[in-house]
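Shown next: input_2.cif, given as mmCIF, C-alpha atoms.
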data_start
loop_
_atom_site.label_atom_id
_atom_site.label_comp_id
_atom_site.auth_asym_id
_atom_site.auth_seq_id
_atom_site.Cartn_x
_atom_site.Cartn_y
_atom_site.Cartn_z
CA MET A 141 -17.05 -5.12 20.28
CA SER A 142 -16.94 -8.51 18.63
CA ALA A 143 -19.08 -11.22 17.07
CA VAL A 144 -21.69 -10.66 14.38
CA VAL A 145 -23.28 -7.25 14.05
CA LEU A 146 -25.71 -6.00 11.42
CA ASP A 147 -25.93 -2.37 12.54
CA VAL A 148 -22.77 -1.00 14.02
CA ARG A 149 -22.49 1.25 17.04
CA ILE A 150 -19.34 3.35 16.86
CA GLU A 151 -17.91 4.87 20.00
CA THR A 152 -15.00 7.02 19.07
CA THR A 153 -13.13 10.17 20.05
CA ILE A 154 -13.47 12.96 17.52
CA ASN A 155 -11.37 16.07 18.05
CA GLY A 156 -10.92 15.15 21.69
CA GLU A 157 -14.64 14.60 22.40
CA PRO A 158 -16.23 11.17 22.90
CA ARG A 159 -18.86 10.63 20.20
CA VAL A 160 -21.31 7.80 19.50
CA ALA A 161 -22.98 6.88 16.23
CA GLU A 162 -25.79 4.32 16.36
CA ASP A 163 -27.22 2.06 13.67
CA VAL A 164 -24.38 2.62 11.26
CA TRP A 165 -24.57 0.52 8.09
CA PRO A 166 -21.50 -1.80 8.30
CA GLY A 167 -20.20 -0.67 4.89
CA GLU A 168 -20.12 3.03 5.79
CA SER A 169 -16.81 4.85 5.57
CA LEU A 170 -15.42 6.99 8.36
CA LEU A 171 -15.82 9.93 5.97
CA TYR A 172 -19.56 9.31 5.72
CA VAL A 173 -19.81 8.94 9.49
CA LEU A 174 -17.94 12.22 10.02
CA ARG A 175 -20.01 14.19 7.54
CA GLU A 176 -23.47 12.69 7.72
CA ARG A 177 -23.66 11.51 11.31
CA PHE A 178 -21.48 14.01 13.14
CA GLY A 179 -22.02 17.02 10.86
CA LEU A 180 -18.31 17.59 10.38
CA TYR A 181 -18.23 18.81 6.78
CA GLY A 182 -14.62 19.97 6.72
CA SER A 183 -13.43 16.59 5.42
CA LYS A 184 -14.48 16.69 1.79
CA ASN A 185 -16.04 13.86 -0.18
CA ALA A 186 -14.72 13.68 -3.71
CA CYS A 187 -13.13 10.58 -5.19
CA GLU A 188 -14.04 8.02 -2.50
CA GLN A 189 -11.06 5.94 -3.55
CA GLY A 190 -8.13 7.50 -1.72
CA GLU A 191 -6.83 9.35 -4.77
CA CYS A 192 -7.62 12.97 -3.95
CA GLY A 193 -6.73 13.39 -0.27
CA SER A 194 -9.64 15.81 0.31
CA CYS A 195 -10.83 13.72 3.26
CA SER A 196 -7.42 13.57 5.00
CA VAL A 197 -7.74 13.18 8.78
CA TYR A 198 -5.62 11.84 11.60
CA LEU A 199 -6.55 8.36 12.85
CA ASP A 200 -4.66 7.60 16.06
CA GLY A 201 -2.08 10.17 14.94
CA ALA A 202 -1.57 8.78 11.41
CA LEU A 203 -2.58 10.71 8.30
CA VAL A 204 -5.22 8.70 6.45
CA CYS A 205 -8.00 9.11 3.92
CA ALA A 206 -11.23 8.92 5.90
CA CYS A 207 -12.98 7.45 2.86
CA LEU A 208 -10.78 4.34 3.08
CA VAL A 209 -11.43 3.68 6.77
CA LEU A 210 -14.47 1.56 7.50
CA GLY A 211 -16.63 3.35 10.07
CA GLY A 212 -16.45 0.40 12.45
CA GLN A 213 -12.66 0.45 12.29
CA ALA A 214 -12.69 3.88 13.96
CA GLY A 215 -14.42 2.50 17.06
CA GLY A 216 -12.26 3.06 20.13
CA ARG A 217 -9.81 5.12 18.10
CA SER A 218 -9.06 8.81 18.12
CA VAL A 219 -9.87 10.90 15.06
CA THR A 220 -8.75 14.47 14.45
CA THR A 221 -10.39 16.29 11.55
CA VAL A 222 -9.55 19.65 10.03
CA GLU A 223 -12.04 21.17 12.47
CA GLY A 224 -9.97 19.92 15.41
CA VAL A 225 -6.44 20.22 14.16
CA ASP A 226 -4.31 22.98 15.62
CA ALA A 227 -3.13 24.35 12.28
CA ASP A 228 -3.44 28.12 12.59
CA ALA A 229 0.00 28.75 11.13
CA VAL A 230 -0.72 26.56 8.12
CA GLN A 231 -4.15 28.07 7.53
CA LYS A 232 -2.86 31.67 7.74
CA ALA A 233 0.01 30.83 5.41
CA PHE A 234 -2.42 29.32 2.88
CA VAL A 235 -4.41 32.56 2.89
CA GLU A 236 -1.37 34.81 2.69
CA ALA A 237 0.31 32.79 -0.04
CA GLY A 238 -2.84 32.69 -2.14
CA ALA A 239 -2.87 28.90 -1.91
CA VAL A 240 -6.67 28.78 -1.79
CA GLN A 241 -8.55 29.02 -5.07
CA CYS A 242 -11.86 27.15 -5.12
CA GLY A 243 -10.96 25.85 -1.67
CA PHE A 244 -12.27 22.32 -2.02
CA CYS A 245 -8.88 20.66 -1.56
CA THR A 246 -7.78 23.08 1.15
CA PRO A 247 -8.97 21.20 4.27
CA GLY A 248 -7.21 18.01 3.19
CA LEU A 249 -4.08 19.93 2.29
CA VAL A 250 -4.10 21.77 5.61
CA VAL A 251 -4.23 18.48 7.51
CA ALA A 252 -1.54 16.90 5.30
CA ALA A 253 0.71 19.95 5.56
CA HIS A 254 0.20 20.04 9.34
CA GLU A 255 1.21 16.38 9.56
CA LEU A 256 4.36 17.03 7.50
CA LEU A 257 5.41 19.98 9.65
CA GLN A 258 4.95 17.90 12.81
CA ARG A 259 7.44 15.36 11.44
CA VAL A 260 9.71 17.69 9.48
CA PRO A 261 9.67 21.25 10.83
CA HIS A 262 11.64 22.68 7.89
CA PRO A 263 10.90 20.55 4.86
CA THR A 264 12.58 20.91 1.47
CA ASP A 265 10.61 21.39 -1.72
CA GLY A 266 11.04 17.70 -2.45
CA GLU A 267 9.79 16.67 0.97
CA ILE A 268 6.73 18.89 0.59
CA ARG A 269 5.93 17.47 -2.85
CA GLU A 270 6.33 13.93 -1.54
CA ALA A 271 4.18 14.58 1.54
CA LEU A 272 1.41 16.25 -0.45
CA ALA A 273 1.50 13.80 -3.37
CA GLY A 274 -1.79 12.28 -2.27
CA ASN A 275 -3.66 15.60 -2.25
CA VAL A 276 -5.05 16.78 -5.55
CA CYS A 277 -5.80 20.45 -6.32
CA ARG A 278 -7.78 20.64 -9.54
CA CYS A 279 -7.28 24.40 -9.73
CA THR A 280 -3.64 23.23 -10.01
CA GLY A 281 -2.43 25.83 -7.55
CA TYR A 282 0.47 23.70 -6.40
CA GLY A 283 3.12 26.42 -6.63
CA THR A 284 1.42 28.61 -4.07
CA ILE A 285 0.52 25.60 -1.92
CA ILE A 286 4.18 24.65 -1.67
CA ALA A 287 5.05 28.30 -0.96
CA ALA A 288 2.45 28.30 1.83
CA VAL A 289 4.00 25.24 3.48
CA HIS A 290 7.44 26.91 3.39
CA MET A 291 5.87 30.05 4.87
CA ALA A 292 4.19 28.09 7.67
CA ALA A 293 7.45 26.28 8.38
CA GLY A 294 9.23 29.56 8.92
CA ARG A 295 6.91 30.58 11.75
CA MET B 543 -24.25 -6.64 5.46
CA GLU B 544 -22.70 -8.37 8.44
CA PHE B 545 -19.86 -6.76 10.36
CA LEU B 546 -17.38 -9.05 12.10
CA GLN B 547 -14.75 -7.62 14.38
CA PRO B 548 -12.59 -10.27 16.01
CA SER B 549 -10.26 -9.06 18.72
CA THR B 550 -7.91 -12.04 18.61
CA TRP B 551 -6.44 -14.17 15.83
CA ALA B 552 -8.13 -17.32 17.19
CA GLU B 553 -11.46 -15.54 17.06
CA ALA B 554 -10.76 -14.38 13.51
CA LEU B 555 -10.06 -17.96 12.38
CA ASP B 556 -13.27 -19.17 14.08
CA MET B 557 -15.24 -16.46 12.30
CA LYS B 558 -13.63 -17.18 8.94
CA ALA B 559 -14.55 -20.86 9.34
CA ALA B 560 -18.13 -19.96 10.22
CA HIS B 561 -18.40 -17.24 7.53
CA PRO B 562 -16.12 -18.40 4.71
CA GLU B 563 -17.55 -15.79 2.30
CA THR B 564 -16.61 -12.86 4.54
CA THR B 565 -14.32 -10.20 3.05
CA PRO B 566 -11.38 -9.44 5.31
CA ILE B 567 -10.44 -5.76 5.59
CA ALA B 568 -7.20 -4.32 6.96
CA GLY B 569 -6.06 -0.92 5.65
CA GLY B 570 -9.13 -0.70 3.44
CA THR B 571 -7.27 0.75 0.48
CA ASP B 572 -8.75 -1.89 -1.84
CA VAL B 573 -11.89 -3.06 -0.03
CA MET B 574 -13.26 0.44 0.69
CA VAL B 575 -12.95 1.45 -2.96
CA GLU B 576 -15.17 -1.50 -3.90
CA LEU B 577 -17.68 -0.53 -1.21
CA ASN B 578 -17.67 3.22 -1.82
CA LEU B 579 -18.11 2.88 -5.56
CA ASP B 580 -20.59 0.03 -5.10
CA HIS B 581 -18.58 -2.27 -7.34
CA GLY B 582 -19.39 -5.09 -5.01
CA ARG B 583 -21.24 -5.51 -1.77
CA PRO B 584 -20.03 -8.44 0.29
CA ALA B 585 -22.57 -10.17 2.51
CA SER B 586 -20.11 -9.89 5.33
CA ILE B 587 -16.98 -7.95 6.15
CA MET B 588 -14.37 -8.77 8.80
CA ASP B 589 -12.17 -6.08 10.31
CA LEU B 590 -8.68 -7.37 11.10
CA THR B 591 -7.28 -4.13 12.55
CA ARG B 592 -8.00 -5.15 16.16
CA ILE B 593 -5.63 -8.10 16.00
CA LYS B 594 -2.32 -7.07 17.45
CA ASP B 595 -0.42 -10.18 16.25
CA LEU B 596 -0.89 -9.08 12.66
CA THR B 597 0.96 -5.81 13.22
CA GLU B 598 4.11 -7.44 14.60
CA TRP B 599 7.23 -8.70 12.90
CA GLY B 600 10.23 -10.71 14.02
CA THR B 601 12.67 -13.38 12.90
CA ASP B 602 11.93 -17.04 12.32
CA ASP B 603 14.83 -19.39 11.62
CA GLY B 604 16.85 -16.76 9.76
CA LEU B 605 13.85 -15.38 7.89
CA LEU B 606 11.95 -12.21 8.62
CA ARG B 607 8.35 -13.04 9.51
CA ILE B 608 6.26 -9.94 8.93
CA GLY B 609 2.67 -9.75 10.10
CA ALA B 610 0.09 -9.24 7.39
CA GLY B 611 -1.05 -6.00 9.04
CA VAL B 612 2.29 -4.16 8.99
CA THR B 613 1.75 -1.00 6.94
CA TYR B 614 3.94 0.13 4.04
CA THR B 615 5.04 3.14 6.11
CA ARG B 616 6.31 0.88 8.89
CA LEU B 617 7.91 -1.50 6.43
CA ILE B 618 9.90 1.36 4.91
CA GLU B 619 10.91 2.78 8.29
CA GLU B 620 11.55 -0.41 10.24
CA LEU B 621 12.69 -2.90 7.60
CA GLY B 622 14.04 -0.75 4.76
CA ASP B 623 17.64 -1.68 5.60
CA ARG B 624 16.98 -5.44 5.52
CA LEU B 625 14.50 -5.45 2.63
CA PRO B 626 15.58 -2.63 0.33
CA GLY B 627 13.75 -3.99 -2.73
CA LEU B 628 10.41 -4.31 -0.95
CA ALA B 629 10.96 -0.89 0.66
CA MET B 630 11.57 0.69 -2.76
CA ALA B 631 8.36 -0.85 -4.05
CA SER B 632 6.52 0.26 -0.91
CA ARG B 633 7.62 3.86 -1.48
CA THR B 634 5.85 3.81 -4.84
CA VAL B 635 2.54 2.74 -3.31
CA GLY B 636 -0.09 5.49 -3.50
CA SER B 637 0.58 8.42 -1.20
CA PRO B 638 1.52 8.89 2.46
CA GLN B 639 -2.15 8.43 3.38
CA ILE B 640 -2.30 5.12 1.50
CA ARG B 641 1.06 3.88 2.83
CA ASN B 642 -0.08 4.64 6.39
CA ARG B 643 -2.98 2.20 5.95
CA GLY B 644 -2.10 -0.25 3.19
CA THR B 645 -0.43 -3.55 4.05
CA VAL B 646 1.49 -6.25 2.19
CA GLY B 647 -1.03 -8.74 3.60
CA GLY B 648 -3.79 -6.82 1.87
CA ASN B 649 -1.79 -6.61 -1.34
CA LEU B 650 -1.39 -10.40 -1.27
CA GLY B 651 -5.06 -10.90 -0.42
CA THR B 652 -6.20 -8.77 -3.35
CA SER B 653 -3.69 -10.57 -5.62
CA SER B 654 -3.88 -7.91 -8.31
CA PRO B 655 -1.32 -8.46 -11.07
CA ALA B 656 -0.38 -4.81 -10.47
CA GLY B 657 0.28 -5.14 -6.72
CA ASP B 658 3.52 -3.26 -6.06
CA ALA B 659 4.76 -5.63 -3.34
CA HIS B 660 4.53 -8.70 -5.51
CA PRO B 661 7.58 -8.35 -7.80
CA PRO B 662 10.09 -7.94 -4.94
CA LEU B 663 8.46 -10.82 -3.04
CA LEU B 664 8.78 -13.02 -6.15
CA ALA B 665 12.38 -11.98 -6.68
CA ALA B 666 13.19 -12.83 -3.06
CA ASP B 667 11.35 -16.18 -3.13
CA ALA B 668 9.17 -15.14 -0.18
CA GLN B 669 6.47 -17.30 1.40
CA VAL B 670 2.92 -16.44 2.39
CA GLU B 671 1.81 -17.89 5.72
CA VAL B 672 -1.90 -18.65 5.77
CA HIS B 673 -3.83 -19.94 8.76
CA SER B 674 -7.15 -21.66 9.28
CA LYS B 675 -8.65 -23.63 12.12
CA ALA B 676 -7.22 -26.68 10.34
CA GLY B 677 -3.67 -25.42 10.58
CA VAL B 678 -0.88 -23.40 9.02
CA ARG B 679 0.42 -23.45 5.43
CA ARG B 680 3.43 -21.66 4.06
CA ILE B 681 2.89 -21.10 0.34
CA PRO B 682 5.83 -19.96 -1.80
CA VAL B 683 4.78 -16.64 -3.29
CA ARG B 684 5.90 -18.07 -6.65
CA GLU B 685 2.95 -20.50 -6.35
CA PHE B 686 0.54 -18.12 -4.63
CA PHE B 687 -0.96 -16.20 -7.57
CA THR B 688 -3.25 -18.32 -9.75
CA GLY B 689 -5.03 -15.70 -11.89
CA PRO B 690 -6.11 -12.07 -11.94
CA LYS B 691 -7.14 -11.36 -8.34
CA LYS B 692 -7.01 -15.08 -7.61
CA ASN B 693 -4.69 -16.96 -5.31
CA ALA B 694 -4.06 -20.37 -3.80
CA MET B 695 -5.90 -19.68 -0.54
CA LEU B 696 -8.82 -21.77 0.65
CA LYS B 697 -12.10 -20.21 1.77
CA ASP B 698 -11.42 -20.72 5.47
CA GLU B 699 -7.90 -19.29 5.39
CA LEU B 700 -6.57 -15.87 6.34
CA ILE B 701 -3.13 -14.40 5.65
CA ALA B 702 -1.17 -14.22 8.89
CA ALA B 703 2.23 -13.10 7.65
CA PHE B 704 4.81 -13.33 4.93
CA LEU B 705 8.31 -14.67 5.30
CA VAL B 706 11.33 -13.41 3.46
CA ALA B 707 15.08 -13.62 3.92
CA PRO B 708 16.92 -10.39 4.69
CA ALA B 709 18.42 -9.18 1.41
CA PRO B 710 21.36 -11.50 0.58
CA GLY B 711 22.75 -8.84 -1.78
CA PRO B 712 21.64 -5.88 -3.87
CA GLN B 713 17.94 -5.48 -4.64
CA GLN B 714 16.24 -3.06 -7.01
CA PHE B 715 12.73 -2.14 -8.09
CA SER B 716 11.50 -0.10 -11.00
CA LYS B 717 7.98 0.95 -11.92
CA VAL B 718 6.50 2.80 -14.87
CA GLY B 719 3.52 5.07 -14.39
CA THR B 720 2.20 8.43 -15.48
CA ARG B 721 3.46 10.20 -12.38
CA ASN B 722 5.54 9.47 -9.30
CA ALA B 723 2.67 9.10 -6.84
CA MET B 724 -0.84 7.68 -6.82
CA VAL B 725 -0.23 5.46 -9.76
CA ILE B 726 -1.13 1.89 -10.59
CA ALA B 727 1.86 0.37 -12.33
CA VAL B 728 1.80 0.25 -16.12
CA CYS B 729 4.43 -2.39 -15.48
CA SER B 730 7.12 -2.97 -12.87
CA PHE B 731 10.19 -5.08 -12.30
CA ALA B 732 12.14 -6.27 -9.26
CA LEU B 733 15.58 -7.82 -9.13
CA GLU B 734 17.56 -9.52 -6.36
CA LEU B 735 21.16 -10.73 -6.47
CA ASP B 736 22.43 -13.38 -4.07
CA PRO B 737 26.21 -13.29 -4.63
CA ALA B 738 27.00 -16.04 -2.08
CA HIS B 739 24.84 -18.54 -3.96
CA ARG B 740 25.31 -16.89 -7.37
CA ARG B 741 21.56 -16.64 -7.77
CA VAL B 742 19.39 -13.99 -9.39
CA GLY B 743 15.71 -13.48 -8.60
CA THR B 744 13.21 -11.56 -10.72
CA GLY B 745 9.63 -10.36 -10.46
CA ILE B 746 7.43 -8.78 -13.12
CA GLY B 747 4.36 -6.73 -12.20
CA SER B 748 1.35 -5.59 -14.18
CA ALA B 749 2.34 -7.41 -17.35
CA GLY B 750 0.38 -10.64 -17.19
CA PRO B 751 -2.64 -12.26 -15.55
CA THR B 752 -0.56 -12.65 -12.40
CA PRO B 753 2.73 -11.24 -11.17
CA LEU B 754 5.39 -13.31 -12.93
CA ARG B 755 8.94 -14.50 -12.62
CA ALA B 756 11.36 -14.45 -15.56
CA VAL B 757 12.94 -17.86 -15.00
CA GLN B 758 14.91 -18.06 -18.26
CA ALA B 759 16.26 -14.56 -17.72
CA GLU B 760 17.41 -15.56 -14.22
CA GLU B 761 19.14 -18.70 -15.46
CA PHE B 762 20.81 -16.86 -18.33
CA ILE B 763 22.23 -13.99 -16.30
CA GLN B 764 23.33 -16.17 -13.38
CA GLY B 765 25.74 -17.84 -15.80
CA GLU B 766 26.86 -14.61 -17.43
CA LEU B 767 27.68 -12.57 -14.34
CA GLU B 768 31.32 -12.65 -13.26
CA TRP B 769 30.56 -13.02 -9.57
CA GLU B 770 34.19 -13.15 -8.44
CA ASN B 771 35.81 -10.22 -10.18
CA ARG B 772 32.55 -8.24 -10.46
CA ARG B 773 33.34 -7.13 -14.00
CA PRO B 774 30.35 -5.39 -15.57
CA PRO B 775 28.31 -7.66 -17.84
CA SER B 776 28.68 -7.07 -21.58
CA ASP B 777 26.13 -4.98 -23.44
CA ALA B 778 25.13 -8.12 -25.30
CA ALA B 779 24.45 -9.98 -22.03
CA MET B 780 22.49 -7.04 -20.62
CA GLY B 781 20.49 -6.83 -23.83
CA ARG B 782 19.73 -10.55 -23.80
CA PHE B 783 18.67 -10.36 -20.14
CA GLY B 784 16.23 -7.58 -21.02
CA GLU B 785 14.86 -9.57 -23.95
CA LEU B 786 14.32 -12.65 -21.81
CA VAL B 787 12.51 -10.62 -19.14
CA ALA B 788 10.27 -9.07 -21.81
CA ALA B 789 9.64 -12.54 -23.26
CA ALA B 790 8.55 -13.85 -19.86
CA ALA B 791 5.81 -11.23 -19.60
CA LYS B 792 2.29 -11.96 -20.83
CA PRO B 793 0.96 -8.42 -21.18
CA ILE B 794 -2.29 -7.23 -22.71
CA ASP B 795 -3.39 -3.90 -24.18
CA ASP B 796 -5.46 -2.02 -21.62
CA VAL B 797 -6.24 1.51 -20.43
CA ARG B 798 -2.84 1.90 -18.77
CA GLY B 799 -0.68 0.84 -21.70
CA SER B 800 -0.23 -1.45 -24.65
CA ALA B 801 1.28 -4.91 -24.54
CA ALA B 802 4.09 -3.81 -26.86
CA TYR B 803 4.95 -0.83 -24.65
CA ARG B 804 4.99 -3.03 -21.56
CA ARG B 805 7.40 -5.49 -23.14
CA HIS B 806 9.66 -2.67 -24.26
CA ALA B 807 9.59 -0.99 -20.84
CA LEU B 808 10.29 -4.28 -19.05
CA ALA B 809 13.42 -4.88 -21.12
CA VAL B 810 14.62 -1.36 -20.25
CA MET B 811 13.80 -1.73 -16.55
CA ALA B 812 15.46 -5.16 -16.39
CA ARG B 813 18.71 -3.80 -17.84
CA ARG B 814 18.65 -0.76 -15.57
CA CYS B 815 17.92 -2.77 -12.43
CA LEU B 816 20.78 -5.11 -13.27
CA GLN B 817 23.11 -2.17 -13.79
CA TRP B 818 22.01 -0.55 -10.50
CA CYS B 819 22.46 -3.84 -8.63
CA TRP B 820 25.83 -4.70 -10.13
CA THR B 821 27.61 -1.36 -9.86
#
Whole structure, structure tokens version:
Amino acid sequence: MSAVVLDVRIETTINGEPRVAEDVWPGESLLYVLRERFGLYGSKNACEQGECGSCSVYLDGALVCACLVLGGQAGGRSVTTVEGVDADAVQKAFVEAGAVQCGFCTPGLVVAAHELLQRVPHPTDGEIREALAGNVCRCTGYGTIIAAVHMAAGR
Amino acid sequence: MEFLQPSTWAEALDMKAAHPETTPIAGGTDVMVELNLDHGRPASIMDLTRIKDLTEWGTDDGLLRIGAGVTYTRLIEELGDRLPGLAMASRTVGSPQIRNRGTVGGNLGTSSPAGDAHPPLLAADAQVEVHSKAGVRRIPVREFFTGPKKNAMLKDELIAAFLVAPAPGPQQFSKVGTRNAMVIAVCSFALELDPAHRRVGTGIGSAGPTPLRAVQAEEFIQGELEWENRRPPSDAAMGRFGELVAAAAKPIDDVRGSAAYRRHALAVMARRCLQWCWT
């Protein structure tokens, strides 16, 4: 795709499946495209400025905030959302550790914790805090969240 | 809104010439906030993430030439040994998600006085390479910032890269904020020592209408430091260095901090950075 476009057509791979969104407003974020055009509501919409991490997804393997990716930038790329991430161990650990309170931040934290454990299979407390620094839990349940990541790492 | 998506650099320069008002977007960590919160709606937006050249870095006549699209994460991993000051500043940018997307090119383009990359680039006397269909300009970063979110670029220009020498000696960076992550600097300071040339470089962030350099502080401490025997500078010299850095700042009172606090913090950070660099 190149040249001047007023309505964007986005062909992308979401959770391994080719998907197409037509007539996308050029200013739309990937988060909006995921939620409102593809019905993938796992990525949460909260701050819309990259501060809360609730919309964390993988874009071509990198952890990003979907709200800060322009929809058109995802064209031809591969996106993995919380619905598609293979994070059973992390999810079970979150439940067992009591790391889920209201649950709003949980999808973003699951993706971020999954990404950390891919890179660092047995992270220290400090590494977990650093890796999850961009994910805000307003129930402030950080202690159990960090415990859950340790628990998932042990499995 | 128009969406432009060049696939090559030549195409991007053509488009910028034809649509000089277009807003370039790379990692989106600044531009998307404006769009999402409807603070501004550009008539046109140009995605630069398809252009491979921008994501590459190499050497150019002894300097590192780093493409505008290299992310903070890559900068830390791939260039942290050669550019420790910039890597330290990069580690304080946002969160992993932000560092995976954000770029120094974008930081320069936004030209916020609080941009974390700016103080180390000032301290290292880096250059910004801008291109247009008319040609290439290398602008010293010390002349690049002209006002809050304003810079020396022309309407038809795009940032291709920045150029900086591999650290000639110790470099340090310090930043004050309310927490360790996800924080816009209350103020920040970068220091570079070049022992072979007995030169000191400084950069002040978030304490003036633009990122600033503390020229008098540099000149003072260059003369005070005992470069040969590496004796620690006197408390009086350290104190004076801090005062001169604070005096070079032009801070205001705003939501993140008061002018008086910023000056105080800068003097402390300047002394600490000098101590860290020297010992």
Item to check | Distance-based interface of chain B with chain A, 10 Å, counting only C-alpha atoms, as a ChimeraX atom specification | outcome: /B:543-550,553-554,557,567-579,583-584,586-592,636-644,721-725
Checklist entry - Could you state the separation of atom CA of B:Val672 and atom CA of B:Ile746 in Å, given to one decimal place? => result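 Separation between atom CA of B:Val672 and atom CA of B:Ile746: 23.3 Å.
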Next on the checklist: Going by the chain IDs and residue numbers used in this file, which residues fall under the PyMOL selection byres ((chain B and resi 765-773) around 10)? Write them as a ChimeraX atom specification.
Outcome noted: /B:736-742,760-764,774-776,779-780,783,820-821
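Atom pair atom CA of B:Ala666 / atom CA of B:Cys819: separated by 14.1 Å.
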Just want the 7 Å neighbourhood of stretch 702-717 of chain B, counted on only C-alpha atoms, with same-chain residues fewer than 4 positions away dropped. Output as an mmCIF file with C-alpha atoms, keeping the file's coordinate frame.
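Printed below is selection-v9.cif as written:
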data_model
loop_
_atom_site.group_PDB
_atom_site.id
_atom_site.type_symbol
_atom_site.label_atom_id
_atom_site.label_comp_id
_atom_site.auth_asym_id
_atom_site.auth_seq_id
_atom_site.Cartn_x
_atom_site.Cartn_y
_atom_site.Cartn_z
ATOM 1 C CA LEU B 596 -0.890 -9.080 12.660
ATOM 2 C CA GLY B 604 16.850 -16.760 9.760
ATOM 3 C CA LEU B 605 13.850 -15.380 7.890
ATOM 4 C CA LEU B 606 11.950 -12.210 8.620
ATOM 5 C CA ARG B 607 8.350 -13.040 9.510
ATOM 6 C CA ILE B 608 6.260 -9.940 8.930
ATOM 7 C CA GLY B 609 2.670 -9.750 10.100
ATOM 8 C CA ALA B 610 0.090 -9.240 7.390
ATOM 9 C CA ARG B 624 16.980 -5.440 5.520
ATOM 10 C CA LEU B 625 14.500 -5.450 2.630
ATOM 11 C CA PRO B 626 15.580 -2.630 0.330
ATOM 12 C CA GLY B 627 13.750 -3.990 -2.730
ATOM 13 C CA MET B 630 11.570 0.690 -2.760
ATOM 14 C CA ALA B 631 8.360 -0.850 -4.050
ATOM 15 C CA GLY B 647 -1.030 -8.740 3.600
ATOM 16 C CA ALA B 666 13.190 -12.830 -3.060
ATOM 17 C CA ALA B 668 9.170 -15.140 -0.180
ATOM 18 C CA GLN B 669 6.470 -17.300 1.400
ATOM 19 C CA VAL B 670 2.920 -16.440 2.390
ATOM 20 C CA GLU B 671 1.810 -17.890 5.720
ATOM 21 C CA VAL B 672 -1.900 -18.650 5.770
ATOM 22 C CA HIS B 673 -3.830 -19.940 8.760
ATOM 23 C CA ALA B 727 1.860 0.370 -12.330
ATOM 24 C CA CYS B 729 4.430 -2.390 -15.480
ATOM 25 C CA SER B 730 7.120 -2.970 -12.870
ATOM 26 C CA PHE B 731 10.190 -5.080 -12.300
ATOM 27 C CA ALA B 732 12.140 -6.270 -9.260
ATOM 28 C CA LEU B 733 15.580 -7.820 -9.130
ATOM 29 C CA GLU B 734 17.560 -9.520 -6.360
ATOM 30 C CA LEU B 735 21.160 -10.730 -6.470
ATOM 31 C CA ASP B 736 22.430 -13.380 -4.070
ATOM 32 C CA PRO B 737 26.210 -13.290 -4.630
ATOM 33 C CA MET B 811 13.800 -1.730 -16.550
ATOM 34 C CA CYS B 815 17.920 -2.770 -12.430
ATOM 35 C CA CYS B 819 22.460 -3.840 -8.630
#
Next on the checklist: Since I can't run it myself right now, could you work out what the PyMOL selection byres ((chain A and resi 152) around 6) selects here and report it as a list of chain:residue names?
Outcome noted: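 Applying the expression gives A:Glu151, A:Thr153, A:Pro158, A:Arg159, A:Gly215, A:Gly216, A:Arg217.
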Checklist entry - Do you have the atom CA of A:Ala239-atom CA of B:Thr634 distance handy? => result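 The value is 26.7 Å.
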Item to check | Residues selected by the PyMOL selection byres ((chain A and resi 294) around 10), written as a list in words | outcome: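 This file, filtered by the PyMOL selection byres ((chain A and resi 294) around 10), leaves Ala229, Ala233, Pro261, His262, Ala288, Val289, His290, Met291, Ala292, Ala293 and Arg295 of chain A.
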Next on the checklist: I'd like to know which of B:Gly781, B:Gly677, B:Gly799, B:Pro753 is closest to B:Leu664, using all atoms listed in the file.
Outcome noted: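 Under the stated criterion, the closest residue is B:Pro753.
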